[in-house]
>>> print(open('final-v3.pdb').read())   # PDB, C-alpha atoms
ATOM      1  CA  MET A  23       0.593  -8.447 -22.604
ATOM      2  CA  ALA A  24       2.356  -8.361 -19.255
ATOM      3  CA  GLU A  25       3.477 -11.683 -17.781
ATOM      4  CA  MET A  26       1.185 -12.986 -15.033
ATOM      5  CA  TYR A  27       1.856 -15.850 -12.629
ATOM      6  CA  TYR A  28      -0.534 -18.076 -10.687
ATOM      7  CA  GLU A  29      -0.448 -21.013  -8.242
ATOM      8  CA  GLU A  30       0.903 -23.495 -10.792
ATOM      9  CA  ASP A  31       3.828 -21.151 -11.568
ATOM     10  CA  ALA A  32       5.056 -20.923  -7.970
ATOM     11  CA  ASP A  33       6.920 -23.707  -6.170
ATOM     12  CA  LEU A  34       6.470 -23.304  -2.424
ATOM     13  CA  SER A  35       9.012 -26.069  -1.754
ATOM     14  CA  LEU A  36      11.796 -23.660  -2.768
ATOM     15  CA  ILE A  37      11.416 -21.865   0.558
ATOM     16  CA  LYS A  38      10.050 -24.681   2.745
ATOM     17  CA  ASP A  39      13.415 -25.162   4.452
ATOM     18  CA  LYS A  40      14.304 -21.464   4.600
ATOM     19  CA  THR A  41      13.991 -19.189   7.600
ATOM     20  CA  ILE A  42      12.026 -16.066   6.712
ATOM     21  CA  GLY A  43      12.608 -12.930   8.771
ATOM     22  CA  ILE A  44       9.850 -10.325   8.684
ATOM     23  CA  ILE A  45      11.181  -6.947   9.817
ATOM     24  CA  GLY A  46       8.203  -5.001  11.168
ATOM     25  CA  TYR A  47       4.829  -6.177  12.443
ATOM     26  CA  GLY A  48       2.491  -3.441  11.318
ATOM     27  CA  SER A  49      -0.161  -3.513   8.606
ATOM     28  CA  GLN A  50       1.804  -5.476   6.006
ATOM     29  CA  GLY A  51       4.145  -7.196   8.471
ATOM     30  CA  HIS A  52       1.500  -9.032  10.437
ATOM     31  CA  ALA A  53      -0.342 -10.083   7.262
ATOM     32  CA  HIS A  54       2.742 -11.463   5.524
ATOM     33  CA  ALA A  55       3.913 -13.271   8.664
ATOM     34  CA  LEU A  56       0.570 -14.887   9.481
ATOM     35  CA  ASN A  57      -0.101 -15.922   5.883
ATOM     36  CA  LEU A  58       3.373 -17.428   5.539
ATOM     37  CA  LYS A  59       2.962 -19.287   8.839
ATOM     38  CA  ASP A  60      -0.407 -20.649   7.713
ATOM     39  CA  SER A  61       1.313 -21.804   4.512
ATOM     40  CA  GLY A  62       3.627 -23.955   6.630
ATOM     41  CA  LEU A  63       6.732 -21.770   6.425
ATOM     42  CA  ASN A  64       9.271 -20.922   9.125
ATOM     43  CA  VAL A  65       8.824 -17.271  10.085
ATOM     44  CA  GLN A  66      10.375 -15.063  12.754
ATOM     45  CA  ILE A  67       9.764 -11.392  13.501
ATOM     46  CA  GLY A  68      12.369  -8.636  13.856
ATOM     47  CA  LEU A  69      11.502  -5.543  15.905
ATOM     48  CA  TYR A  70      13.254  -2.882  17.958
ATOM     49  CA  GLU A  71      13.455  -3.417  21.684
ATOM     50  CA  GLY A  72      10.461  -1.813  23.362
ATOM     51  CA  SER A  73       8.198  -2.095  20.323
ATOM     52  CA  LYS A  74       4.502  -2.307  21.179
ATOM     53  CA  SER A  75       4.183  -4.971  18.494
ATOM     54  CA  TRP A  76       6.578  -7.334  20.287
ATOM     55  CA  ALA A  77       3.941  -8.808  22.607
ATOM     56  CA  VAL A  78       1.377  -8.886  19.794
ATOM     57  CA  ALA A  79       3.658 -10.935  17.554
ATOM     58  CA  GLU A  80       4.511 -13.317  20.397
ATOM     59  CA  LYS A  81       0.815 -13.765  21.144
ATOM     60  CA  ASP A  82       0.335 -14.664  17.476
ATOM     61  CA  GLY A  83       2.816 -17.498  17.958
ATOM     62  CA  PHE A  84       6.023 -16.053  16.540
ATOM     63  CA  THR A  85       9.590 -15.985  17.799
ATOM     64  CA  VAL A  86      10.454 -12.309  18.143
ATOM     65  CA  LYS A  87      13.996 -10.930  18.243
ATOM     66  CA  THR A  88      15.732  -7.692  17.381
ATOM     67  CA  ALA A  89      15.994  -6.776  13.704
ATOM     68  CA  SER A  90      19.749  -7.415  13.844
ATOM     69  CA  GLU A  91      19.310 -10.905  15.263
ATOM     70  CA  VAL A  92      16.610 -11.809  12.759
ATOM     71  CA  ALA A  93      18.699 -10.531   9.836
ATOM     72  CA  LYS A  94      21.625 -12.647  11.015
ATOM     73  CA  ASP A  95      19.515 -15.790  11.503
ATOM     74  CA  SER A  96      17.328 -15.627   8.370
ATOM     75  CA  ASP A  97      17.774 -16.789   4.784
ATOM     76  CA  ILE A  98      15.063 -14.482   3.456
ATOM     77  CA  ILE A  99      14.665 -11.018   4.974
ATOM     78  CA  MET A 100      11.543  -9.022   4.126
ATOM     79  CA  LEU A 101      11.611  -5.340   5.101
ATOM     80  CA  LEU A 102       8.100  -4.140   5.951
ATOM     81  CA  LEU A 103       8.764  -0.748   7.505
ATOM     82  CA  HIS A 104       7.767   2.833   6.712
ATOM     83  CA  ASP A 105       9.593   4.210   3.664
ATOM     84  CA  HIS A 106      11.107   7.057   5.665
ATOM     85  CA  SER A 107      12.527   4.856   8.437
ATOM     86  CA  MET A 108      13.660   1.870   6.381
ATOM     87  CA  ALA A 109      17.047   3.190   5.277
ATOM     88  CA  SER A 110      18.293   3.858   8.810
ATOM     89  CA  VAL A 111      17.087   0.449  10.077
ATOM     90  CA  TYR A 112      18.747  -1.226   7.101
ATOM     91  CA  LYS A 113      22.051   0.577   7.709
ATOM     92  CA  GLU A 114      22.117  -0.102  11.446
ATOM     93  CA  SER A 115      20.572  -3.553  11.751
ATOM     94  CA  ILE A 116      20.317  -5.350   8.411
ATOM     95  CA  GLU A 117      23.363  -4.518   6.293
ATOM     96  CA  PRO A 118      25.986  -5.628   8.864
ATOM     97  CA  ASN A 119      24.272  -9.013   9.155
ATOM     98  CA  LEU A 120      23.776  -9.908   5.501
ATOM     99  CA  SER A 121      25.568 -12.959   4.130
ATOM    100  CA  SER A 122      26.215 -14.224   0.618
ATOM    101  CA  GLY A 123      23.218 -16.224  -0.501
ATOM    102  CA  ASN A 124      20.654 -14.209   1.459
ATOM    103  CA  THR A 125      17.513 -12.881  -0.178
ATOM    104  CA  LEU A 126      16.540  -9.300   0.706
ATOM    105  CA  MET A 127      12.936  -8.466  -0.109
ATOM    106  CA  PHE A 128      10.735  -5.383  -0.187
ATOM    107  CA  ALA A 129       7.008  -4.751  -0.598
ATOM    108  CA  HIS A 130       7.572  -1.326  -2.170
ATOM    109  CA  GLY A 131      10.442  -0.124  -4.342
ATOM    110  CA  PHE A 132      10.907   3.362  -2.845
ATOM    111  CA  ASN A 133      14.239   2.875  -1.070
ATOM    112  CA  ILE A 134      15.869   0.811  -3.812
ATOM    113  CA  HIS A 135      14.645   3.019  -6.650
ATOM    114  CA  TYR A 136      15.703   6.271  -4.982
ATOM    115  CA  LYS A 137      18.962   4.682  -3.791
ATOM    116  CA  THR A 138      18.584   5.294  -0.063
ATOM    117  CA  ILE A 139      19.423   1.579   0.263
ATOM    118  CA  THR A 140      22.183  -0.015  -1.833
ATOM    119  CA  PRO A 141      22.438  -3.755  -1.113
ATOM    120  CA  PRO A 142      25.606  -5.777  -1.788
ATOM    121  CA  LYS A 143      25.898  -7.617  -5.095
ATOM    122  CA  ASN A 144      26.253 -11.083  -3.551
ATOM    123  CA  ILE A 145      22.617 -11.364  -2.449
ATOM    124  CA  ASP A 146      19.280 -11.592  -4.230
ATOM    125  CA  VAL A 147      17.146  -8.452  -4.029
ATOM    126  CA  SER A 148      13.501  -8.701  -5.016
ATOM    127  CA  MET A 149      10.095  -7.197  -4.386
ATOM    128  CA  ILE A 150       6.711  -8.739  -3.697
ATOM    129  CA  ALA A 151       4.092  -6.001  -3.485
ATOM    130  CA  PRO A 152       0.516  -7.041  -2.637
ATOM    131  CA  LYS A 153      -1.947  -4.571  -4.114
ATOM    132  CA  ALA A 154      -3.949  -4.090  -0.934
ATOM    133  CA  PRO A 155      -3.495  -2.883   2.653
ATOM    134  CA  GLY A 156      -2.194  -5.514   5.065
ATOM    135  CA  HIS A 157      -5.483  -6.176   6.832
ATOM    136  CA  ARG A 158      -7.055  -6.918   3.446
ATOM    137  CA  VAL A 159      -4.166  -9.220   2.489
ATOM    138  CA  ARG A 160      -4.864 -11.208   5.657
ATOM    139  CA  GLU A 161      -8.664 -11.110   5.465
ATOM    140  CA  VAL A 162      -8.853 -12.393   1.894
ATOM    141  CA  PHE A 163      -6.252 -15.105   2.554
ATOM    142  CA  VAL A 164      -8.163 -16.461   5.540
ATOM    143  CA  LYS A 165     -11.281 -16.712   3.356
ATOM    144  CA  GLY A 166      -9.369 -18.791   0.833
ATOM    145  CA  GLY A 167      -8.615 -16.082  -1.697
ATOM    146  CA  GLY A 168      -5.757 -13.723  -2.358
ATOM    147  CA  VAL A 169      -5.007 -10.195  -3.500
ATOM    148  CA  PRO A 170      -3.062  -9.506  -6.718
ATOM    149  CA  GLY A 171       0.631  -8.786  -6.349
ATOM    150  CA  LEU A 172       3.644  -7.450  -8.213
ATOM    151  CA  ILE A 173       7.039  -9.120  -8.507
ATOM    152  CA  ALA A 174      10.337  -7.471  -9.450
ATOM    153  CA  VAL A 175      13.981  -8.484  -9.269
ATOM    154  CA  HIS A 176      16.700  -5.895  -8.611
ATOM    155  CA  ASN A 177      19.626  -8.276  -8.198
ATOM    156  CA  ASP A 178      19.790 -11.978  -9.080
ATOM    157  CA  ALA A 179      22.982 -13.309  -7.486
ATOM    158  CA  SER A 180      21.676 -16.875  -7.183
ATOM    159  CA  GLY A 181      19.887 -17.149 -10.500
ATOM    160  CA  LYS A 182      16.755 -18.047  -8.504
ATOM    161  CA  ALA A 183      15.566 -14.632  -7.285
ATOM    162  CA  HIS A 184      12.441 -14.654  -9.446
ATOM    163  CA  SER A 185      11.365 -18.197  -8.545
ATOM    164  CA  THR A 186      12.035 -17.508  -4.854
ATOM    165  CA  GLY A 187       9.896 -14.408  -5.113
ATOM    166  CA  LEU A 188       7.067 -16.362  -6.696
ATOM    167  CA  ALA A 189       7.275 -18.942  -3.915
ATOM    168  CA  TYR A 190       6.995 -16.147  -1.354
ATOM    169  CA  SER A 191       4.046 -14.711  -3.319
ATOM    170  CA  ARG A 192       2.318 -18.067  -3.063
ATOM    171  CA  GLY A 193       3.029 -18.164   0.669
ATOM    172  CA  ILE A 194       1.130 -14.918   1.249
ATOM    173  CA  GLY A 195      -1.657 -15.800  -1.202
ATOM    174  CA  CYS A 196      -0.963 -13.462  -4.115
ATOM    175  CA  THR A 197      -0.662 -16.212  -6.730
ATOM    176  CA  ARG A 198      -4.289 -17.115  -5.995
ATOM    177  CA  ALA A 199      -5.265 -13.864  -7.701
ATOM    178  CA  GLY A 200      -2.292 -13.326 -10.009
ATOM    179  CA  VAL A 201       1.193 -11.826  -9.791
ATOM    180  CA  LEU A 202       2.405  -9.330 -12.393
ATOM    181  CA  ASP A 203       6.014  -8.943 -13.555
ATOM    182  CA  THR A 204       7.272  -5.385 -13.110
ATOM    183  CA  THR A 205      10.378  -3.419 -12.127
ATOM    184  CA  PHE A 206      11.294  -1.495  -8.995
ATOM    185  CA  LYS A 207      11.110   1.716 -11.049
ATOM    186  CA  GLU A 208       7.654   1.032 -12.482
ATOM    187  CA  GLU A 209       6.177  -0.130  -9.173
ATOM    188  CA  THR A 210       7.523   2.851  -7.241
ATOM    189  CA  GLU A 211       6.524   5.530  -9.716
ATOM    190  CA  THR A 212       3.070   4.146 -10.517
ATOM    191  CA  ASP A 213       2.331   3.457  -6.840
ATOM    192  CA  LEU A 214       3.215   7.002  -5.760
ATOM    193  CA  PHE A 215       1.322   8.485  -8.691
ATOM    194  CA  GLY A 216      -1.785   6.425  -7.985
ATOM    195  CA  GLU A 217      -1.779   7.484  -4.337
ATOM    196  CA  GLN A 218      -1.283  11.158  -5.105
ATOM    197  CA  ALA A 219      -3.392  11.648  -8.217
ATOM    198  CA  VAL A 220      -6.331   9.323  -7.573
ATOM    199  CA  LEU A 221      -6.509   6.958  -4.606
ATOM    200  CA  CYS A 222      -5.724   9.379  -1.782
ATOM    201  CA  GLY A 223      -4.907  12.909  -2.936
ATOM    202  CA  GLY A 224      -7.202  13.090  -5.946
ATOM    203  CA  VAL A 225     -10.225  11.507  -4.279
ATOM    204  CA  THR A 226     -10.048  13.476  -1.022
ATOM    205  CA  GLN A 227      -9.575  16.804  -2.779
ATOM    206  CA  LEU A 228     -12.461  16.062  -5.143
ATOM    207  CA  VAL A 229     -14.725  15.093  -2.237
ATOM    208  CA  LYS A 230     -13.812  18.158  -0.167
ATOM    209  CA  ALA A 231     -14.267  20.525  -3.116
ATOM    210  CA  ALA A 232     -17.687  19.049  -3.913
ATOM    211  CA  PHE A 233     -18.765  19.176  -0.249
ATOM    212  CA  GLU A 234     -17.670  22.820   0.044
ATOM    213  CA  THR A 235     -19.457  23.734  -3.212
ATOM    214  CA  LEU A 236     -22.786  22.394  -1.931
ATOM    215  CA  VAL A 237     -22.475  23.885   1.568
ATOM    216  CA  GLU A 238     -21.429  27.282   0.213
ATOM    217  CA  ALA A 239     -24.498  27.173  -2.045
ATOM    218  CA  GLY A 240     -26.719  26.818   1.016
ATOM    219  CA  TYR A 241     -27.360  23.066   1.134
ATOM    220  CA  GLN A 242     -27.306  21.160   4.420
ATOM    221  CA  PRO A 243     -23.862  19.737   5.266
ATOM    222  CA  GLU A 244     -25.517  16.417   6.074
ATOM    223  CA  SER A 245     -26.916  16.193   2.535
ATOM    224  CA  ALA A 246     -23.561  17.242   1.104
ATOM    225  CA  TYR A 247     -21.787  14.537   3.129
ATOM    226  CA  PHE A 248     -24.113  11.786   1.966
ATOM    227  CA  GLU A 249     -23.923  12.824  -1.690
ATOM    228  CA  CYS A 250     -20.191  13.521  -1.920
ATOM    229  CA  LEU A 251     -18.594  11.039   0.493
ATOM    230  CA  HIS A 252     -20.915   8.374   1.879
ATOM    231  CA  GLU A 253     -22.214   7.197  -1.507
ATOM    232  CA  LEU A 254     -18.707   7.033  -2.924
ATOM    233  CA  LYS A 255     -18.330   3.499  -1.571
ATOM    234  CA  LEU A 256     -21.278   2.320  -3.667
ATOM    235  CA  ILE A 257     -19.624   3.596  -6.845
ATOM    236  CA  VAL A 258     -16.164   2.290  -5.937
ATOM    237  CA  ASP A 259     -17.575  -1.162  -5.181
ATOM    238  CA  LEU A 260     -19.257  -1.236  -8.602
ATOM    239  CA  LEU A 261     -16.029  -0.106 -10.303
ATOM    240  CA  TYR A 262     -14.067  -2.736  -8.378
ATOM    241  CA  GLN A 263     -16.504  -5.469  -9.330
ATOM    242  CA  GLY A 264     -16.963  -4.776 -13.023
ATOM    243  CA  GLY A 265     -15.145  -1.654 -14.187
ATOM    244  CA  MET A 266     -16.645   1.566 -15.521
ATOM    245  CA  GLU A 267     -19.084  -0.181 -17.847
ATOM    246  CA  TYR A 268     -20.636  -2.155 -14.987
ATOM    247  CA  MET A 269     -20.859   0.940 -12.791
ATOM    248  CA  ARG A 270     -22.644   2.836 -15.560
ATOM    249  CA  TYR A 271     -24.961  -0.119 -16.173
ATOM    250  CA  SER A 272     -25.866  -0.124 -12.462
ATOM    251  CA  VAL A 273     -26.691   3.563 -12.032
ATOM    252  CA  SER A 274     -29.591   5.484 -13.554
ATOM    253  CA  ASP A 275     -29.518   6.817 -17.108
ATOM    254  CA  THR A 276     -29.561  10.311 -15.638
ATOM    255  CA  ALA A 277     -26.428   9.567 -13.621
ATOM    256  CA  GLU A 278     -24.778   7.933 -16.635
ATOM    257  CA  TYR A 279     -25.461  10.953 -18.852
ATOM    258  CA  GLY A 280     -24.162  13.281 -16.127
ATOM    259  CA  ASP A 281     -21.041  11.113 -15.953
ATOM    260  CA  TYR A 282     -20.340  11.467 -19.679
ATOM    261  CA  SER A 283     -21.296  15.113 -20.067
ATOM    262  CA  ARG A 284     -20.187  16.744 -16.796
ATOM    263  CA  GLY A 285     -17.297  14.588 -15.617
ATOM    264  CA  PRO A 286     -14.938  16.105 -18.226
ATOM    265  CA  VAL A 287     -16.024  19.587 -17.128
ATOM    266  CA  VAL A 288     -14.763  18.892 -13.604
ATOM    267  CA  VAL A 289     -11.712  16.830 -14.507
ATOM    268  CA  ASP A 290     -10.549  18.559 -17.671
ATOM    269  CA  ASP A 291      -7.248  18.788 -19.557
ATOM    270  CA  HIS A 292      -5.968  21.257 -16.968
ATOM    271  CA  VAL A 293      -6.291  18.563 -14.299
ATOM    272  CA  LYS A 294      -4.440  16.121 -16.556
ATOM    273  CA  GLN A 295      -1.624  18.642 -16.957
ATOM    274  CA  ASN A 296      -1.426  18.923 -13.175
ATOM    275  CA  MET A 297      -1.240  15.130 -12.985
ATOM    276  CA  LYS A 298       1.679  15.176 -15.416
ATOM    277  CA  LYS A 299       3.470  17.614 -13.108
ATOM    278  CA  VAL A 300       2.839  15.289 -10.158
ATOM    279  CA  LEU A 301       4.236  12.381 -12.186
ATOM    280  CA  SER A 302       7.270  14.426 -13.209
ATOM    281  CA  ASP A 303       8.081  15.194  -9.567
ATOM    282  CA  ILE A 304       7.937  11.449  -8.852
ATOM    283  CA  GLN A 305      10.057  10.501 -11.856
ATOM    284  CA  ASP A 306      12.858  13.004 -11.234
ATOM    285  CA  GLY A 307      13.024  12.253  -7.511
ATOM    286  CA  SER A 308      11.728  15.644  -6.334
ATOM    287  CA  PHE A 309       8.906  14.144  -4.278
ATOM    288  CA  ALA A 310      11.214  11.552  -2.693
ATOM    289  CA  LYS A 311      13.754  14.219  -1.709
ATOM    290  CA  GLU A 312      10.978  16.401  -0.295
ATOM    291  CA  TRP A 313       9.517  13.546   1.770
ATOM    292  CA  ILE A 314      12.895  12.413   3.089
ATOM    293  CA  SER A 315      13.768  16.011   4.055
ATOM    294  CA  GLU A 316      10.365  16.459   5.688
ATOM    295  CA  ASN A 317      11.067  13.512   7.977
ATOM    296  CA  ASP A 318      14.655  14.550   8.654
ATOM    297  CA  GLU A 319      13.521  18.040   9.654
ATOM    298  CA  GLY A 320      10.783  17.017  12.100
ATOM    299  CA  ARG A 321       7.680  16.645   9.900
ATOM    300  CA  HIS A 322       6.488  20.220  10.521
ATOM    301  CA  LYS A 323       4.693  20.591   7.173
ATOM    302  CA  PHE A 324       3.256  17.075   7.373
ATOM    303  CA  ASN A 325       1.884  17.648  10.876
ATOM    304  CA  GLN A 326       0.357  20.983   9.869
ATOM    305  CA  LEU A 327      -1.312  19.464   6.807
ATOM    306  CA  ARG A 328      -2.631  16.590   8.900
ATOM    307  CA  LYS A 329      -4.110  19.027  11.424
ATOM    308  CA  GLU A 330      -5.729  21.170   8.731
ATOM    309  CA  ASN A 331      -7.341  18.180   7.055
ATOM    310  CA  THR A 332      -8.575  16.422  10.201
ATOM    311  CA  THR A 333     -10.352  19.622  11.259
ATOM    312  CA  HIS A 334     -12.138  20.120   7.920
ATOM    313  CA  PRO A 335     -15.939  20.480   8.362
ATOM    314  CA  ILE A 336     -16.603  17.299   6.383
ATOM    315  CA  GLU A 337     -14.772  15.330   9.070
ATOM    316  CA  ALA A 338     -16.889  16.810  11.875
ATOM    317  CA  ILE A 339     -20.216  16.168  10.189
ATOM    318  CA  GLY A 340     -19.027  12.737   9.095
ATOM    319  CA  LYS A 341     -18.272  11.656  12.666
ATOM    320  CA  GLU A 342     -21.753  12.717  13.770
ATOM    321  CA  LEU A 343     -23.487  10.856  10.962
ATOM    322  CA  ARG A 344     -21.399   7.697  11.313
ATOM    323  CA  GLU A 345     -22.372   7.498  14.984
ATOM    324  CA  MET A 346     -25.907   6.954  13.710
ATOM    325  CA  MET A 347     -24.762   3.996  11.585
ATOM    326  CA  PRO A 348     -23.537   1.322  14.051
ATOM    327  CA  PHE A 349     -23.320  -1.246  11.233
ATOM    328  CA  LEU A 350     -20.189   0.576  10.031
ATOM    329  CA  LYS A 351     -18.405  -0.328  13.276
ATOM    330  CA  GLU A 352     -19.650  -3.900  13.016
ATOM    331  CA  SER A 353     -18.118  -4.189   9.539
ATOM    332  CA  ASP A 354     -14.748  -3.021  10.913
TER     333      ASP A 354
END
>>> encode(input="final-v3.pdb", output="structure tokens")
Amino acid sequence: MAEMYYEEDADLSLIKDKTIGIIGYGSQGHAHALNLKDSGLNVQIGLYEGSKSWAVAEKDGFTVKTASEVAKDSDIIMLLLHDHSMASVYKESIEPNLSSGNTLMFAHGFNIHYKTITPPKNIDVSMIAPKAPGHRVREVFVKGGGVPGLIAVHNDASGKAHSTGLAYSRGIGCTRAGVLDTTFKEETETDLFGEQAVLCGGVTQLVKAAFETLVEAGYQPESAYFECLHELKLIVDLLYQGGMEYMRYSVSDTAEYGDYSRGPVVVDDHVKQNMKKVLSDIQDGSFAKEWISENDEGRHKFNQLRKENTTHPIEAIGKELREMMPFLKESD
């Protein structure tokens, strides 16, 4: 069994007297910073001059300085930036200001694992990765709960990198739900695979293919939208709450039999072989090189793919139908 850590395993006093610098104030950045502040810790925010988030962070009660200044003035530096921009910010603003005894932290292992960032050996390097988007990390914390997290240590110069990481995890609420020991390699490769094969790529392609199949067969696009996209939340919520068994218990026997007998027809061994190819591209660095090059060369393919997908018919009909469901906006 993997090692899991909870509240009693994390000593918040280890970082009570430390200054924590959060670099970035986006989805994860704002959640980490606010949760840490509510946990009684000393937090400051590092941004680039002219950032739209500067005024937002100040309004939330934080001292805001440039990333360079925060890196210089902080004991613990958490980088919460986009994967593709992190290496350049690190090189320009963080690396020149690191001192022996600092702790450099990440919420995703991409840049360490693929070696676009190589920290010095005289500092601790660790990762605390909440398994939820930032707004969810904040929302659950405010309600008294927490989202699960992952912890990994890349470099342990002080001998306390792991315990410091657990203290940070407690500060943002992850030890309320449980923190799992992992490695930068495992977190990076499983995270990318999950996004590509299931959570984002797999789900959206499955939904679009099902929608197109029904519409091409002559069914109303509204019916296709409800059946293939809208009701997906119901099933995901059941899976989230109690796993596959609970989902199958909750649906009709007809749906359960269709699950067992037709699911493998749609997602067959050929799909699994494709997944293995996706995983291979992640493991050998091909995907990382492709994504880094895509950003370096102006994001032409990315922008084209975004345009093609946002103009898909399911998006148009979905916007119309969601306008008729004002409770969706209220839940946002």
>>> residues_around(input="final-v3.pdb", residues="A:His54", least_positions_apart="3", cutoff="8 Å", atoms="all atoms listed in the file", output="mmCIF file with C-alpha atoms, in the coordinates of the input")
data_model
loop_
_atom_site.group_PDB
_atom_site.id
_atom_site.type_symbol
_atom_site.label_atom_id
_atom_site.label_comp_id
_atom_site.auth_asym_id
_atom_site.auth_seq_id
_atom_site.Cartn_x
_atom_site.Cartn_y
_atom_site.Cartn_z
ATOM 1 C CA ILE A 44 9.850 -10.325 8.684
ATOM 2 C CA GLN A 50 1.804 -5.476 6.006
ATOM 3 C CA GLY A 51 4.145 -7.196 8.471
ATOM 4 C CA ASN A 57 -0.101 -15.922 5.883
ATOM 5 C CA LEU A 58 3.373 -17.428 5.539
ATOM 6 C CA GLY A 156 -2.194 -5.514 5.065
ATOM 7 C CA VAL A 159 -4.166 -9.220 2.489
ATOM 8 C CA ARG A 160 -4.864 -11.208 5.657
ATOM 9 C CA ILE A 194 1.130 -14.918 1.249
#
>>> atom_distance(input="final-v3.pdb", atom1="atom CA of A:Gly167", atom2="atom CA of A:Lys182")
26.3 Å
>>> atom_distance(input="final-v3.pdb", atom1="atom CA of A:Gly200", atom2="atom CA of A:Val225")
26.7 Å
>>> resolve_selection(input="final-v3.pdb", expression="the PyMOL selection byres ((chain A and resi 205) around 9)", output="list of chain:residue names")
A:Gly131, A:Met149, A:Leu172, A:Ile173, A:Ala174, A:Val175, A:His176, A:Asp203, A:Thr204, A:Phe206, A:Lys207, A:Glu208, A:Glu209, A:Thr210
>>> write_last_selection(input="final-v3.pdb", atoms="C-alpha atoms", output="PDB file, in the frame of the given file")
ATOM      1  CA  GLY A 131      10.442  -0.124  -4.342  1.00  0.00           C
ATOM      2  CA  MET A 149      10.095  -7.197  -4.386  1.00  0.00           C
ATOM      3  CA  LEU A 172       3.644  -7.450  -8.213  1.00  0.00           C
ATOM      4  CA  ILE A 173       7.039  -9.120  -8.507  1.00  0.00           C
ATOM      5  CA  ALA A 174      10.337  -7.471  -9.450  1.00  0.00           C
ATOM      6  CA  VAL A 175      13.981  -8.484  -9.269  1.00  0.00           C
ATOM      7  CA  HIS A 176      16.700  -5.895  -8.611  1.00  0.00           C
ATOM      8  CA  ASP A 203       6.014  -8.943 -13.555  1.00  0.00           C
ATOM      9  CA  THR A 204       7.272  -5.385 -13.110  1.00  0.00           C
ATOM     10  CA  PHE A 206      11.294  -1.495  -8.995  1.00  0.00           C
ATOM     11  CA  LYS A 207      11.110   1.716 -11.049  1.00  0.00           C
ATOM     12  CA  GLU A 208       7.654   1.032 -12.482  1.00  0.00           C
ATOM     13  CA  GLU A 209       6.177  -0.130  -9.173  1.00  0.00           C
ATOM     14  CA  THR A 210       7.523   2.851  -7.241  1.00  0.00           C
TER      15      THR A 210
END
>>> residues_around(input="final-v3.pdb", residues="stretch 299-304 of chain A", least_positions_apart="6", cutoff="12 Å", atoms="all atoms listed in the file", output="list in words")
Phe132, His135, Tyr136, Lys207, Glu208, Glu209, Thr210, Glu211, Thr212, Asp213, Leu214, Phe215, Gly216, Glu217, Gln218, Ala219, Val220, Gly223, Gly224, His292, Val293, Ala310, Lys311, Glu312 and Trp313 of chain A
>>> closest_residue(input="final-v3.pdb", among="A:Thr125, A:Ser61, A:Ser245, A:Ser107", to="A:Gly46", atoms="only C-alpha atoms")
A:Ser107
>>> resolve_selection(input="final-v3.pdb", expression="the PyMOL selection byres ((chain A and resi 150) around 9)", output="PyMOL selection string")
chain A and resi 127-130+148-149+151-152+171-174+187-188+190-191+201
